[in-house]
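File shown: run.csv. Contents: CSV, C-alpha atoms and all ligand atoms.
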chain,number,residue,atom,x,y,z
A,1455,MET,CA,-94.4,-14.9,-4.0
A,1456,LYS,CA,-93.3,-14.2,-7.6
A,1457,THR,CA,-89.6,-13.7,-8.4
A,1458,CYS,CA,-88.1,-11.1,-10.7
A,1459,ILE,CA,-84.5,-10.8,-11.7
A,1460,VAL,CA,-83.2,-7.3,-12.7
A,1461,THR,CA,-79.7,-6.7,-14.1
A,1462,GLY,CA,-78.2,-3.3,-13.4
A,1463,GLY,CA,-80.7,-2.6,-10.6
A,1464,SER,CA,-78.4,-0.5,-8.4
A,1465,SER,CA,-78.9,2.8,-10.2
A,1466,GLY,CA,-81.2,4.9,-12.4
A,1467,ILE,CA,-83.9,3.0,-14.3
A,1468,GLY,CA,-82.9,-0.4,-12.9
A,1469,LEU,CA,-83.2,0.9,-9.3
A,1470,SER,CA,-86.7,2.2,-10.0
A,1471,ILE,CA,-87.6,-1.1,-11.6
A,1472,VAL,CA,-86.4,-3.0,-8.5
A,1473,LYS,CA,-88.4,-0.7,-6.2
A,1474,ALA,CA,-91.5,-1.0,-8.4
A,1475,PHE,CA,-91.5,-4.8,-8.4
A,1476,ILE,CA,-90.9,-4.9,-4.6
A,1477,ASP,CA,-94.0,-2.6,-4.3
A,1478,LYS,CA,-96.0,-5.2,-6.3
A,1479,GLY,CA,-95.0,-7.9,-3.8
A,1480,TYR,CA,-92.2,-9.6,-5.8
A,1481,ARG,CA,-89.0,-11.1,-4.5
A,1482,VAL,CA,-86.5,-9.0,-6.5
A,1483,CYS,CA,-82.9,-10.2,-7.2
A,1484,ASN,CA,-80.6,-7.5,-8.5
A,1485,LEU,CA,-77.5,-8.5,-10.5
A,1486,ASP,CA,-75.1,-5.6,-10.6
A,1487,LEU,CA,-71.4,-4.6,-10.0
A,1488,THR,CA,-72.2,-2.8,-6.8
A,1489,ASP,CA,-75.1,-2.9,-4.3
A,1490,GLY,CA,-77.8,-0.3,-4.8
A,1491,GLY,CA,-79.2,-1.2,-1.3
A,1492,VAL,CA,-82.7,-2.3,-2.5
A,1493,GLY,CA,-83.7,-5.9,-3.2
A,1494,GLU,CA,-81.5,-9.0,-2.9
A,1495,PHE,CA,-78.1,-8.1,-4.2
A,1496,TYR,CA,-76.0,-10.5,-6.3
A,1497,GLN,CA,-72.6,-9.2,-7.2
A,1498,CYS,CA,-72.4,-10.1,-10.9
A,1499,ASP,CA,-70.7,-8.6,-14.0
A,1500,VAL,CA,-73.0,-9.3,-16.9
A,1501,THR,CA,-70.1,-9.6,-19.2
A,1502,GLU,CA,-69.1,-12.8,-17.4
A,1503,HIS,CA,-71.3,-15.4,-19.0
A,1504,GLN,CA,-70.7,-18.2,-16.5
A,1505,SER,CA,-71.1,-15.9,-13.5
A,1506,VAL,CA,-74.6,-14.7,-14.8
A,1507,HIS,CA,-75.5,-18.4,-15.5
A,1508,ASN,CA,-74.4,-19.5,-12.0
A,1509,VAL,CA,-76.2,-16.7,-10.1
A,1510,ILE,CA,-79.5,-17.2,-12.0
A,1511,SER,CA,-79.2,-21.0,-11.5
A,1512,ASN,CA,-78.8,-20.5,-7.8
A,1513,ILE,CA,-81.8,-18.2,-7.6
A,1514,ALA,CA,-83.8,-20.8,-9.5
A,1515,LYS,CA,-83.0,-23.4,-6.8
A,1516,GLN,CA,-85.1,-21.4,-4.4
A,1517,SER,CA,-88.0,-20.5,-6.6
A,1518,ALA,CA,-89.3,-20.2,-10.2
A,1519,ILE,CA,-88.3,-17.1,-12.1
A,1520,ASP,CA,-91.4,-15.2,-13.3
A,1521,VAL,CA,-89.8,-12.1,-14.7
A,1522,LEU,CA,-86.4,-11.1,-16.1
A,1523,VAL,CA,-85.6,-7.5,-16.8
A,1524,SER,CA,-82.3,-7.2,-18.7
A,1525,ASN,CA,-81.5,-3.6,-18.0
A,1526,ALA,CA,-77.7,-3.3,-17.4
A,1527,GLY,CA,-76.1,-1.1,-20.0
A,1528,ILE,CA,-73.6,1.7,-20.7
A,1529,HIS,CA,-73.5,4.6,-23.1
A,1530,PHE,CA,-70.5,5.5,-25.2
A,1531,SER,CA,-70.4,8.8,-26.9
A,1532,ALA,CA,-68.5,8.8,-30.2
A,1533,ASN,CA,-68.9,8.6,-34.0
A,1534,ILE,CA,-67.6,5.6,-35.9
A,1535,GLU,CA,-64.1,7.1,-36.5
A,1536,ASP,CA,-63.6,7.8,-32.8
A,1537,THR,CA,-64.8,4.3,-31.7
A,1538,SER,CA,-61.9,1.9,-31.3
A,1539,PRO,CA,-62.4,-1.9,-31.7
A,1540,ASP,CA,-62.0,-2.1,-27.9
A,1541,ASP,CA,-64.7,0.6,-27.4
A,1542,LEU,CA,-67.1,-1.3,-29.6
A,1543,GLN,CA,-66.3,-4.6,-27.9
A,1544,LYS,CA,-67.0,-3.1,-24.5
A,1545,VAL,CA,-70.4,-1.7,-25.4
A,1546,PHE,CA,-71.4,-4.9,-27.0
A,1547,ASP,CA,-70.1,-7.1,-24.2
A,1548,ILE,CA,-72.2,-5.2,-21.6
A,1549,ASN,CA,-75.3,-4.2,-23.6
A,1550,VAL,CA,-75.7,-7.1,-26.0
A,1551,LYS,CA,-73.8,-10.1,-24.7
A,1552,GLY,CA,-74.8,-9.3,-21.1
A,1553,ALA,CA,-78.5,-9.5,-22.2
A,1554,TYR,CA,-77.9,-12.7,-24.1
A,1555,SER,CA,-76.4,-14.3,-21.0
A,1556,ALA,CA,-79.3,-13.3,-18.8
A,1557,VAL,CA,-82.0,-14.3,-21.3
A,1558,GLN,CA,-80.3,-17.6,-22.2
A,1559,SER,CA,-80.0,-18.5,-18.5
A,1560,VAL,CA,-83.6,-17.8,-17.5
A,1561,LEU,CA,-85.2,-19.6,-20.5
A,1562,PRO,CA,-84.8,-23.2,-19.3
A,1563,ILE,CA,-86.2,-22.2,-15.9
A,1564,MET,CA,-89.2,-20.4,-17.5
A,1565,LYS,CA,-89.7,-23.3,-19.9
A,1566,ARG,CA,-90.1,-25.7,-17.0
A,1567,GLU,CA,-93.0,-23.5,-15.6
A,1568,ASN,CA,-94.4,-22.9,-19.1
A,1569,LYS,CA,-94.6,-19.2,-18.4
A,1570,GLY,CA,-92.4,-16.1,-18.1
A,1571,ALA,CA,-92.0,-12.5,-19.0
A,1572,ILE,CA,-88.7,-11.1,-20.4
A,1573,ILE,CA,-88.2,-7.4,-20.7
A,1574,ILE,CA,-85.1,-6.1,-22.4
A,1575,MET,CA,-84.1,-2.5,-21.9
A,1576,ALA,CA,-83.4,-1.1,-25.4
A,1577,SER,CA,-83.7,2.6,-26.2
A,1578,ASP,CA,-85.4,5.0,-28.7
A,1579,GLN,CA,-82.0,4.5,-30.4
A,1580,ALA,CA,-83.2,1.0,-31.3
A,1581,LEU,CA,-85.6,2.8,-33.7
A,1582,ILE,CA,-83.7,5.9,-34.7
A,1583,ALA,CA,-80.0,6.8,-34.6
A,1584,LYS,CA,-78.7,9.7,-32.6
A,1585,GLN,CA,-75.4,11.5,-33.4
A,1586,ASN,CA,-72.2,10.5,-31.8
A,1587,SER,CA,-73.6,7.2,-30.5
A,1588,PHE,CA,-72.3,4.8,-33.0
A,1589,ALA,CA,-71.7,1.8,-30.7
A,1590,TYR,CA,-74.7,2.5,-28.5
A,1591,ASN,CA,-77.1,2.8,-31.5
A,1592,LEU,CA,-75.9,-0.5,-32.9
A,1593,SER,CA,-76.2,-2.3,-29.5
A,1594,LYS,CA,-79.7,-1.1,-28.9
A,1595,ALA,CA,-80.9,-2.1,-32.4
A,1596,ALA,CA,-79.5,-5.5,-31.6
A,1597,LEU,CA,-81.5,-5.7,-28.4
A,1598,ALA,CA,-84.7,-4.9,-30.2
A,1599,SER,CA,-84.0,-7.9,-32.4
A,1600,MET,CA,-83.2,-10.0,-29.4
A,1601,ALA,CA,-86.6,-9.3,-27.9
A,1602,LYS,CA,-88.4,-10.1,-31.2
A,1603,THR,CA,-86.3,-13.2,-31.8
A,1604,THR,CA,-86.9,-14.5,-28.3
A,1605,ALA,CA,-90.6,-13.8,-28.5
A,1606,LEU,CA,-90.9,-15.9,-31.7
A,1607,ASP,CA,-88.7,-18.8,-30.5
A,1608,TYR,CA,-90.4,-19.1,-27.1
A,1609,ALA,CA,-94.0,-18.2,-27.7
A,1610,ALA,CA,-94.8,-22.0,-27.7
A,1611,PHE,CA,-93.6,-22.0,-24.1
A,1612,ASN,CA,-95.9,-19.1,-23.0
A,1613,ILE,CA,-92.9,-16.9,-22.6
A,1614,ARG,CA,-93.3,-13.3,-23.6
A,1615,ALA,CA,-90.4,-11.1,-24.6
A,1616,ASN,CA,-90.6,-7.4,-25.2
A,1617,ALA,CA,-88.2,-4.5,-25.5
A,1618,VAL,CA,-88.7,-1.2,-23.8
A,1619,CYS,CA,-87.4,1.9,-25.7
A,1620,PRO,CA,-87.0,4.9,-23.5
A,1621,GLY,CA,-86.2,8.3,-24.8
A,1622,THR,CA,-84.0,10.6,-22.6
A,1623,ILE,CA,-84.5,9.6,-19.0
A,1624,GLU,CA,-82.8,11.6,-16.2
A,1625,THR,CA,-80.4,9.1,-14.6
A,1626,PRO,CA,-76.6,8.9,-13.9
A,1627,LEU,CA,-76.1,7.4,-17.4
A,1628,TYR,CA,-77.8,10.5,-18.9
A,1629,HIS,CA,-75.7,12.9,-16.8
A,1630,ASN,CA,-72.5,11.0,-17.7
A,1631,ALA,CA,-73.3,11.2,-21.4
A,1632,ILE,CA,-74.0,15.0,-21.1
A,1633,ASN,CA,-70.7,15.4,-19.2
A,1634,ALA,CA,-68.8,13.6,-21.9
A,1635,TYR,CA,-70.4,15.7,-24.6
A,1636,CYS,CA,-69.6,18.9,-22.7
A,1637,GLN,CA,-66.0,17.9,-22.1
A,1638,ARG,CA,-65.6,17.1,-25.8
A,1639,SER,CA,-67.3,20.2,-27.2
A,1640,GLY,CA,-66.8,22.8,-24.4
A,1641,ALA,CA,-70.5,23.3,-24.2
A,1642,ASP,CA,-72.2,24.5,-20.9
A,1643,LYS,CA,-73.9,21.6,-19.1
A,1644,SER,CA,-77.0,23.5,-17.9
A,1645,ALA,CA,-77.6,24.9,-21.4
A,1646,VAL,CA,-77.3,21.4,-22.9
A,1647,HIS,CA,-79.6,20.1,-20.3
A,1648,GLN,CA,-82.2,22.8,-21.1
A,1649,GLU,CA,-81.9,22.1,-24.8
A,1650,GLU,CA,-82.3,18.4,-24.3
A,1651,ALA,CA,-85.6,19.0,-22.4
A,1652,SER,CA,-86.9,21.4,-25.1
A,1653,LEU,CA,-86.2,18.8,-27.8
A,1654,GLN,CA,-88.9,16.6,-26.2
A,1655,PRO,CA,-92.5,17.3,-27.3
A,1656,LEU,CA,-93.5,17.1,-23.6
A,1657,ASN,CA,-90.8,19.6,-23.0
A,1658,ARG,CA,-89.1,17.7,-20.2
A,1659,LEU,CA,-87.0,14.6,-19.7
A,1660,GLY,CA,-88.5,11.3,-18.6
A,1661,GLN,CA,-88.1,9.9,-15.1
A,1662,PRO,CA,-87.0,6.4,-14.2
A,1663,GLU,CA,-90.2,5.7,-12.3
A,1664,GLU,CA,-92.2,6.3,-15.5
A,1665,VAL,CA,-90.1,3.6,-17.3
A,1666,ALA,CA,-90.5,1.2,-14.3
A,1667,ALA,CA,-94.3,1.6,-14.5
A,1668,LEU,CA,-94.2,0.4,-18.1
A,1669,VAL,CA,-91.9,-2.5,-17.2
A,1670,THR,CA,-94.2,-3.8,-14.4
A,1671,PHE,CA,-97.2,-3.5,-16.7
A,1672,LEU,CA,-95.4,-5.6,-19.4
A,1673,ALA,CA,-94.6,-8.2,-16.7
A,1674,SER,CA,-98.2,-8.4,-15.6
A,1675,ASP,CA,-101.0,-10.6,-16.7
A,1676,GLU,CA,-102.7,-7.5,-18.1
A,1677,ALA,CA,-100.1,-7.6,-20.8
A,1678,SER,CA,-100.7,-11.3,-21.6
A,1679,PHE,CA,-101.1,-10.7,-25.4
A,1680,ILE,CA,-98.1,-8.4,-25.8
A,1681,THR,CA,-95.0,-10.1,-27.0
A,1682,GLY,CA,-92.3,-9.3,-29.6
A,1683,SER,CA,-93.1,-5.6,-29.3
A,1684,LEU,CA,-90.9,-2.5,-29.0
A,1685,GLN,CA,-92.6,-0.3,-26.4
A,1686,VAL,CA,-91.6,3.3,-26.9
A,1687,ILE,CA,-91.6,5.6,-23.8
A,1688,ASP,CA,-90.1,8.9,-25.0
A,1689,GLY,CA,-92.3,11.9,-24.4
A,1690,GLY,CA,-93.2,11.9,-28.1
A,1691,TYR,CA,-89.6,12.2,-29.3
A,1692,THR,CA,-89.7,9.6,-32.1
A,1693,ALA,CA,-93.2,10.7,-33.2
A,1694,GLN,CA,-91.6,13.8,-34.7
B,1701,LIG,P1,-77.2,3.9,-15.0
B,1701,LIG,O1,-75.8,4.1,-15.4
B,1701,LIG,O2,-77.9,4.8,-14.0
B,1701,LIG,O3,-77.4,2.4,-14.4
B,1701,LIG,C1,-76.9,1.3,-15.1
B,1701,LIG,C2,-76.7,0.2,-14.1
B,1701,LIG,O4,-76.1,-0.9,-14.9
B,1701,LIG,C3,-75.7,0.6,-13.0
B,1701,LIG,O5,-76.2,0.2,-11.8
B,1701,LIG,C4,-74.4,-0.2,-13.4
B,1701,LIG,O6,-73.6,-0.5,-12.3
B,1701,LIG,C5,-75.0,-1.4,-14.1
B,1701,LIG,N1,-74.0,-2.0,-14.9
B,1701,LIG,C6,-73.2,-1.5,-15.8
B,1701,LIG,N2,-72.3,-2.4,-16.3
B,1701,LIG,C7,-72.6,-3.6,-15.7
B,1701,LIG,C8,-72.1,-4.8,-15.8
B,1701,LIG,N3,-71.0,-5.1,-16.6
B,1701,LIG,N4,-72.6,-5.8,-15.0
B,1701,LIG,C9,-73.6,-5.6,-14.2
B,1701,LIG,N5,-74.2,-4.4,-14.1
B,1701,LIG,C10,-73.7,-3.4,-14.8
B,1701,LIG,O7,-78.1,3.9,-16.4
B,1701,LIG,P2,-79.6,4.1,-16.7
B,1701,LIG,O8,-79.8,5.3,-17.4
B,1701,LIG,O9,-80.5,3.7,-15.6
B,1701,LIG,O10,-79.7,2.9,-17.9
B,1701,LIG,C11,-80.3,1.7,-17.7
B,1701,LIG,C12,-80.6,1.1,-19.0
B,1701,LIG,O11,-81.6,1.9,-19.7
B,1701,LIG,C13,-79.4,0.9,-19.9
B,1701,LIG,O12,-79.5,-0.3,-20.7
B,1701,LIG,C14,-79.6,2.1,-20.8
B,1701,LIG,O13,-78.9,1.9,-22.1
B,1701,LIG,C15,-81.1,2.2,-21.0
B,1701,LIG,N6,-81.6,3.5,-21.4
B,1701,LIG,C16,-81.3,4.6,-20.7
B,1701,LIG,C17,-81.8,5.9,-21.2
B,1701,LIG,C18,-81.5,7.2,-20.4
B,1701,LIG,O14,-81.8,8.2,-21.0
B,1701,LIG,N7,-81.0,7.1,-19.2
B,1701,LIG,C19,-82.5,5.9,-22.4
B,1701,LIG,C20,-82.7,4.8,-23.1
B,1701,LIG,C21,-82.2,3.6,-22.6

Go ahead and render the structure in this file as structure tokens.
Amino acid sequence: MKTCIVTGGSSGIGLSIVKAFIDKGYRVCNLDLTDGGVGEFYQCDVTEHQSVHNVISNIAKQSAIDVLVSNAGIHFSANIEDTSPDDLQKVFDINVKGAYSAVQSVLPIMKRENKGAIIIMASDQALIAKQNSFAYNLSKAALASMAKTTALDYAAFNIRANAVCPGTIETPLYHNAINAYCQRSGADKSAVHQEEASLQPLNRLGQPEEVAALVTFLASDEASFITGSLQVIDGGYTAQ
């Protein structure tokens, strides 16, 4: 049985990814703050480097690790002036340093097996900027570079690393971001939601299951020549 580690697998896109890998017959280990109830749960804050390292090392004592999906992330809605150093630090600690800790921890294990697939959850905001997303935009651009850099440094070990760049996907993170925007601006939530959908060429938001299908494909042998890539899944948003 193949083993897949997912960070942030208790909600939204991560939860769909956990379910999709279970459907494909994987043992799935979910590292999150709280249990989402699907897969093997490991209580782990990705900002705590040693904790991430210890959990992944313990999982590796039982089996090789075939796939890592570094997915845990938060959004923070503000422009640069309204982003404090602490705000910036928090977003980077979770989104960037958390991914660094997970990727760094699986690499020695994957190197031993001379194979592995790493998928890093970036965003369309790795490719384009969106308003009032200063810290988030920066963090996702950094993750795109993390995927490319890892792909180059570990290609010799048959380890593939790719970034997935979703557009607007209907998850708790999306709803929290809309709520924050509405609180700040006084806008009506259902109107903002409608407008968001109409901004997408496919005229709807994406669903977490659609992202999970791309992630399981990237982890599979069918994607054996895909590495160092940024895979956009955004209903056509960045094509405009
Ligand atoms: P979500 O809020 O529904 O889920 C995020 C998960 O990460 C939660 O289970 C949460 O507990 C976990 N998490 C947060 N901080 C953590 C920490 N310190 N340690 C461990 N786990 C932690 O969000 P989502 O929309 O499913 O987003 C998942 C990923 O997809 C994020 O990286 C996000 O930036 C990215 N993304 C989301 C969208 C979107 O529109 N929803 C678009 C592009 C990219």

Taking all atoms listed in the file into account, list the residues no farther than 6 Å from ligand LIG 1701 (chain B), as a compact mmCIF listing (two decimals) with C-alpha atoms, keeping the file's coordinate frame.
# COMPACT_ATOMS: atom_id res chain seq x y z
CA THR A 1461 -79.70 -6.70 -14.10
CA GLY A 1462 -78.20 -3.30 -13.40
CA GLY A 1463 -80.70 -2.60 -10.60
CA SER A 1464 -78.40 -0.50 -8.40
CA SER A 1465 -78.90 2.80 -10.20
CA GLY A 1466 -81.20 4.90 -12.40
CA ILE A 1467 -83.90 3.00 -14.30
CA GLY A 1468 -82.90 -0.40 -12.90
CA ASP A 1486 -75.10 -5.60 -10.60
CA LEU A 1487 -71.40 -4.60 -10.00
CA CYS A 1498 -72.40 -10.10 -10.90
CA ASP A 1499 -70.70 -8.60 -14.00
CA VAL A 1500 -73.00 -9.30 -16.90
CA THR A 1501 -70.10 -9.60 -19.20
CA ASN A 1525 -81.50 -3.60 -18.00
CA ALA A 1526 -77.70 -3.30 -17.40
CA GLY A 1527 -76.10 -1.10 -20.00
CA ILE A 1528 -73.60 1.70 -20.70
CA ILE A 1548 -72.20 -5.20 -21.60
CA MET A 1575 -84.10 -2.50 -21.90
CA ALA A 1576 -83.40 -1.10 -25.40
CA SER A 1577 -83.70 2.60 -26.20
CA PRO A 1620 -87.00 4.90 -23.50
CA GLY A 1621 -86.20 8.30 -24.80
CA THR A 1622 -84.00 10.60 -22.60
CA ILE A 1623 -84.50 9.60 -19.00
CA GLU A 1624 -82.80 11.60 -16.20
CA THR A 1625 -80.40 9.10 -14.60
CA PRO A 1626 -76.60 8.90 -13.90
CA LEU A 1627 -76.10 7.40 -17.40
CA TYR A 1628 -77.80 10.50 -18.90

I'd like a table as JSON lines: residues in segment 1529-1613 of chain A with an atom no more than 10 Å from segment 1676-1680 of chain A, each row giving the shortest atom pair and its distance in Å to one decimal, only C-alpha atoms counted, sorted by chain and rising residue number.
{"residue": "A:Ala1571", "atom": "CA", "partner": "A:Ser1678", "partner_atom": "CA", "distance": 9.2}
{"residue": "A:Ala1605", "atom": "CA", "partner": "A:Ile1680", "partner_atom": "CA", "distance": 9.6}
{"residue": "A:Asn1612", "atom": "CA", "partner": "A:Ser1678", "partner_atom": "CA", "distance": 9.3}
{"residue": "A:Ile1613", "atom": "CA", "partner": "A:Ser1678", "partner_atom": "CA", "distance": 9.7}

- Query: Could you name the residues that touch segment 1589-1593 of chain A at 7 Å or less, counting all atoms listed in the file, but leaving out those on the same chain fewer than 3 positions away, as an NGL selection string?
  - Reply: :A and (1529-1530 or 1542 or 1545-1546 or 1549-1550 or 1579-1580 or 1583 or 1596-1597)

Write a file of the selected residues as a tab-separated table (two decimals), in the frame of the given file, keeping C-alpha atoms.
chain	number	residue	atom	x	y	z
A	1529	HIS	CA	-73.50	4.60	-23.10
A	1530	PHE	CA	-70.50	5.50	-25.20
A	1542	LEU	CA	-67.10	-1.30	-29.60
A	1545	VAL	CA	-70.40	-1.70	-25.40
A	1546	PHE	CA	-71.40	-4.90	-27.00
A	1549	ASN	CA	-75.30	-4.20	-23.60
A	1550	VAL	CA	-75.70	-7.10	-26.00
A	1579	GLN	CA	-82.00	4.50	-30.40
A	1580	ALA	CA	-83.20	1.00	-31.30
A	1583	ALA	CA	-80.00	6.80	-34.60
A	1596	ALA	CA	-79.50	-5.50	-31.60
A	1597	LEU	CA	-81.50	-5.70	-28.40

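Of the residues listed (A:Ser1644, A:Gln1661, A:Thr1670, A:Thr1681), A:Thr1681 shows the shortest atom-to-atom separation from Ala1615 of chain A; distances use all atoms listed in the file.
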
- Do you know which residues are at most 6 Å from Asn1586 of chain A counting all atoms listed in the file, after dropping those on the same chain fewer than 5 positions away, and could you put them as a list of chain:residue names?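 Counting only the stated atoms, we get A:Ser1531, A:Ala1532, A:Asn1533.
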
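Across the structure, atom CA of Gln1497 of chain A and atom CA of Ile1572 of chain A are spaced 20.9 Å apart.
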
- Message: If we count only C-alpha atoms and set the cut-off at 10 Å, which residues sit around Val1509 of chain A, ignoring sequence neighbours fewer than 2 positions away in its own chain? Please answer as number ranges by chain.
- Response: A: 1483, 1485, 1496-1498, 1504-1507, 1511-1514, 1556, 1559

- Query: What is the distance between atom CA of Tyr1554 of chain A and atom CA of Asp1578 of chain A, in Å to one decimal?
  - Reply: 19.8 Å

- Query: Residues at most 8 Å from Ala1474 of chain A, counting all atoms listed in the file, excluding those fewer than 4 positions away in the same chain, as a list in words?
  - Reply: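 Residues meeting the cut-off are Ser1470, Lys1478, Glu1663, Ala1666, Ala1667 and Thr1670 of chain A.
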
- Message: Applying 10 Å and only C-alpha atoms, which residues near Lys1643 of chain A remain after dropping the ones on its own chain fewer than 5 positions away? List them as a PyMOL selection string.
- Response: chain A and resi 1629+1632-1637+1648-1649

- Query: From the list A:Arg1614, A:Arg1658, A:Lys1565, A:Lys1594, which residue is nearest Val1523 of chain A when using only C-alpha atoms?
  - Reply: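 Closest to Val1523 of chain A of all the choices is A:Arg1614.
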
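Atom to atom, atom CA of Leu1656 of chain A and atom CA of Met1600 of chain A stand 29.6 Å apart.
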
- Query: Of the candidates A:Gly1689, A:Asn1616, A:Val1482, A:Arg1566, which shows the shortest atom-to-atom distance to Glu1664 of chain A, using all atoms listed in the file?
  - Reply: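 Going through A:Gly1689, A:Asn1616, A:Val1482, A:Arg1566 one by one, the smallest distance to Glu1664 of chain A is for A:Gly1689.
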
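With distances restricted to all atoms listed in the file, A:Leu1684 is the closest residue to Thr1603 of chain A from A:Ala1641, A:Ile1582, A:Ile1471, A:Leu1684.
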
- Select, from A:Asp1489, A:Glu1502, A:Asp1520, A:Asp1547, the residue with the minimum atom-to-atom distance to Met1455 of chain A, counting only C-alpha atoms.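 Of A:Asp1489, A:Glu1502, A:Asp1520, A:Asp1547, the one nearest Met1455 of chain A is A:Asp1520, counting only C-alpha atoms.
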